[in-house]
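Q: After the structure tokens below, expect a handful of questions from me.
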Amino acid sequence: MSHVFPRHTKAKLPVASHGDGAYIVDSDGKRYLDACGGAAVSCLGHSDAAVTDAVRSQMDSIAFAHTGFFTSPPAEALAEKLIALAPGDLDRVYFVSGGSEAVEASLKLARQYFVEIGQPQRKHIIARWQSYHGNTLGALAAGGNRWRRAQFEPLLVDMAHIDPCFVYRGQEEGESEFDYGQRVANQLETEIQRLGVDSVAAFVAEPVVGATLGAVPAVEGYFKRIREICDQYGVLLILDEVMCGMGRTGTLFACDHDGVAPDILCIAKGLGAGYQPIGAMLCTGAIYDAIEQGSGLFQHGHTYIGHPAACAAGGAVLTRLIDDGLVERVTPLGEALHTRLEARFGQHPHVGDIRGRGLFRGLELVKDRETKTPFDPGHKLHAKVKQAAMNEGLMCYPMGGTLDGQRGDHILLAPPFILEDAQLDEITDKLDRAVTTALAQAG
Ligand code: PLP
């Protein structure tokens with residue numbers, strides 16, 4: 001009997017034995033092509049010797065030195081590299097152990113910043129429906145996934161939410177994509193005015209929505225308008241690139257594509273690429289200076305922040321991504337994947353939308369393509385796709401639709417940047433069979 005508490009307590013999971021490039025091999029020798037990186041984590045696949053060597057070498061010097069007492073060479077080096085590559089005025093890096101921690105830190109930093117500069121009335125956070133920012137209570141309160149929030153609502157602090165930029169379901173008849181983007185971005189201004197023009201601390205959003213919607217980028221102009229509104233009302237812009245950052249969408253930071261720089265940026269997943277648990281919050285010099293010249297203490301922290309072995313992994317991952325040119329592979333590979341998905345599923349009666357950017361792609365499954373009617377969530381079609389894909393030897397990341405019909409089940413793909421051409425065909429072939437099996441099971 002296992003004493004591990006799994007996420008899905010009724011699931012019988014295979015045992016991961018070892019990694020081999022883009023594959024995970026289980027204890028029976030079955031190979032699974034990892035087309036989702038777990039949850040957009042494993043951007044380098046599962047046997048990158050450069051990263052494991054860097055971690056091993058750091059472990060040989062020192063594994064852990066608490067940041068209340070020491071900084072460390074790998075943390076300093078990684079922060080310097082990230083800042084050199086980061087957009088806008090981002091100037092300081094606060095290391096954490098994962099995505100939720102990065103988001104929690106960003107919300108608290110935004111609040112503390114305004115306290116430090118004498119604007120304590122700025123207390124509201126605005127986020128978006130159908131976003132995901134993590135499972136800790138602050139991040140969950142910012143998140144807009146109603147299913148994830150439902151049973152914990154009594155514990156969540158009050159945060160405001162506006163609509164996402166979700167062109168497939170939001171664009172109105174006769175409206176251009178650009179106009180749609182401006183319309184939903186302007187909801188931020190309306191919400192700031194409703195809450196009080198000098199009472200909002202921050203707006204938080206994913207540049208490309210991952211877990212909840214399945215690789216939905218904003219339309220052109222949306223984030224530029226969001227940035228304008230934040231500037232006009234003195235609201236900090238927090239971008240959550242925990243899933244879509246670190247090259248996943250073709251640029252190192254997803255917001256590079258939108259031509260917009262945030263005040264605070266959250267990254268994780270691809271930063272450690274699964275070799276170590278690490279995340280980071282980057283902030284502007286102005287925010288950092290306000291704390292330094294004020295109380296001198298960011299009132300936050302976790303035991304493992306700046307863990308040297310994790311930072312060594314992050315440094316080696318960045319070298320692979322930038323110096324070894326792996327990020328450059330993402331756009332062409334992503335387009336090749338998209339072309340194959342279009343060829344296979346473009347006319348499929350139950351695939352309503354094929355979307356995404358770079359190696360971050362999503363398919364939305366619907367009962368009816370014309371009306372975009374989702375399947376009954378009770379069918380748990382997404383879970384059937386996941387299981388059927390695992391039976392085929394393919395890892396993909398499906399998520400369920402909503403009872404209110406706001407979206408259908410979707411399948412998220414986030415394969416490693418080391419992918420070979422033949423593996424693109426393997427993904428589409430196996431996914432096709434898995435979707436057919438799951439649809440048959442769902443009746
Ligand atoms: N933010 C986004 C956009 C995410 O996709 C996730 C995880 O999927 C998180 C935050 C939370 O990250 P973690 O699971 O590492 O805490």
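Following the order of the structure tokens, first chain is A, next is B, and so on, with residues numbered from 1 inside each chain and ligands from 1 in the order they appear.
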Can you pull out every residue within 7 Å of segment 213-219 of chain A, counting only C-alpha atoms, but drop anything in the same chain fewer than 5 positions away, and send it as a list in words?
A: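 Here the qualifying residues turn out to be Gln130, Cys165, Phe166, Glu177, Phe178, Gly181, Pro207, Val208, Arg355, Gly356, Phe360, Arg361, Gly362, His410, Ile411 and Leu412 of chain A.
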Q: Can those selected residues be exported to a file as a compact mmCIF listing (two decimals), in the first residue's frame so that it contains C-alpha atoms?
A:
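Output (selection-v5.txt):
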# COMPACT_ATOMS: atom_id res chain seq x y z
CA GLN A 130 -10.93 32.14 -15.87
CA CYS A 165 -9.47 38.34 -23.20
CA PHE A 166 -10.85 35.15 -24.77
CA GLU A 177 -10.40 41.30 -32.75
CA PHE A 178 -8.69 44.57 -31.92
CA GLY A 181 -9.47 43.44 -26.99
CA PRO A 207 -0.26 37.11 -20.72
CA VAL A 208 -1.30 33.74 -22.18
CA ARG A 355 -5.12 28.12 -30.35
CA GLY A 356 -1.94 29.21 -28.65
CA PHE A 360 1.94 26.33 -25.87
CA ARG A 361 -1.11 25.09 -27.73
CA GLY A 362 -4.69 24.29 -26.84
CA HIS A 410 -9.75 21.71 -23.45
CA ILE A 411 -6.45 19.92 -24.02
CA LEU A 412 -3.25 21.81 -23.31
Q: Would you list the residues that come within 10 Å of ligand 1? Count only C-alpha atoms and all ligand atoms and give the answer as a ChimeraX atom specification.
A: /A:38-41,96-104,131-136,139-140,143,205-212,239-245,266-269,277-279
Q: If you run DSSP on the backbone here, which positions in segment 209-373 of chain A get strand (DSSP E)? Please write them as a PyMOL selection string.
A: chain A and resi 209+216-217+236-240+264-267+279-284+351-357+360-365
Q: Can you list, as number ranges by chain, every residue of segment 38-115 of chain A that DSSP puts in helix (DSSP H, G or I)?
A: A: 38-40, 49-61, 73-85, 99-115
Q: Just to confirm, what's the straight-line distance from atom CA of Ala11 of chain A to atom CA of Thr436 of chain A in Å (one decimal)?
A: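 Going from atom CA of Ala11 of chain A over to atom CA of Thr436 of chain A, I get 21.7 Å.
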Q: What does the structure give for the distance between atom CA of Trp129 of chain A and atom CA of Gly259 of chain A, in Å to one decimal?
A: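 We find that atom CA of Trp129 of chain A and atom CA of Gly259 of chain A lie 23.3 Å from each other.
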Q: Measuring atom to atom with only C-alpha atoms, identify which of A:Phe223, A:Arg369, A:Ala442, A:Met395 is nearest to Asp256 of chain A.
A: A:Phe223
Q: With a distance cut-off of 12 Å and only C-alpha atoms, select the neighbouring residues of Leu13 of chain A, excluding the residue or stretch itself and same-chain residues fewer than 6 positions from it, and output the selection as a VMD selection string.
A: chain A and resid 2 4 to 7 26 to 27 387 390 to 391
Q: Please provide as a ChimeraX atom specification all residues within 9 Å of Ile287 of chain A, with the sequence filter that same-chain residues fewer than 6 positions apart are discarded (counting only C-alpha atoms).
A: /A:109-110,113,263-264
Q: Could you tell me how far atom CA of Ile62 of chain A sits from atom CA of Ile305 of chain A, in Å to one decimal place?
A: 15.0 Å
Q: From the options A:Gly174, A:Arg227, A:Phe298, A:Leu156, which residue's atoms come nearest to Leu188 of chain A, counting only C-alpha atoms?
A: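 The answer is A:Arg227, which sits nearest to Leu188 of chain A.
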Q: Which residue is closest to Ile126 of chain A? Choose from A:Gly358, A:Gly294, A:Gly144, A:Gly270 and count only C-alpha atoms.
A: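 So, comparing all the options, the nearest one is A:Gly144.
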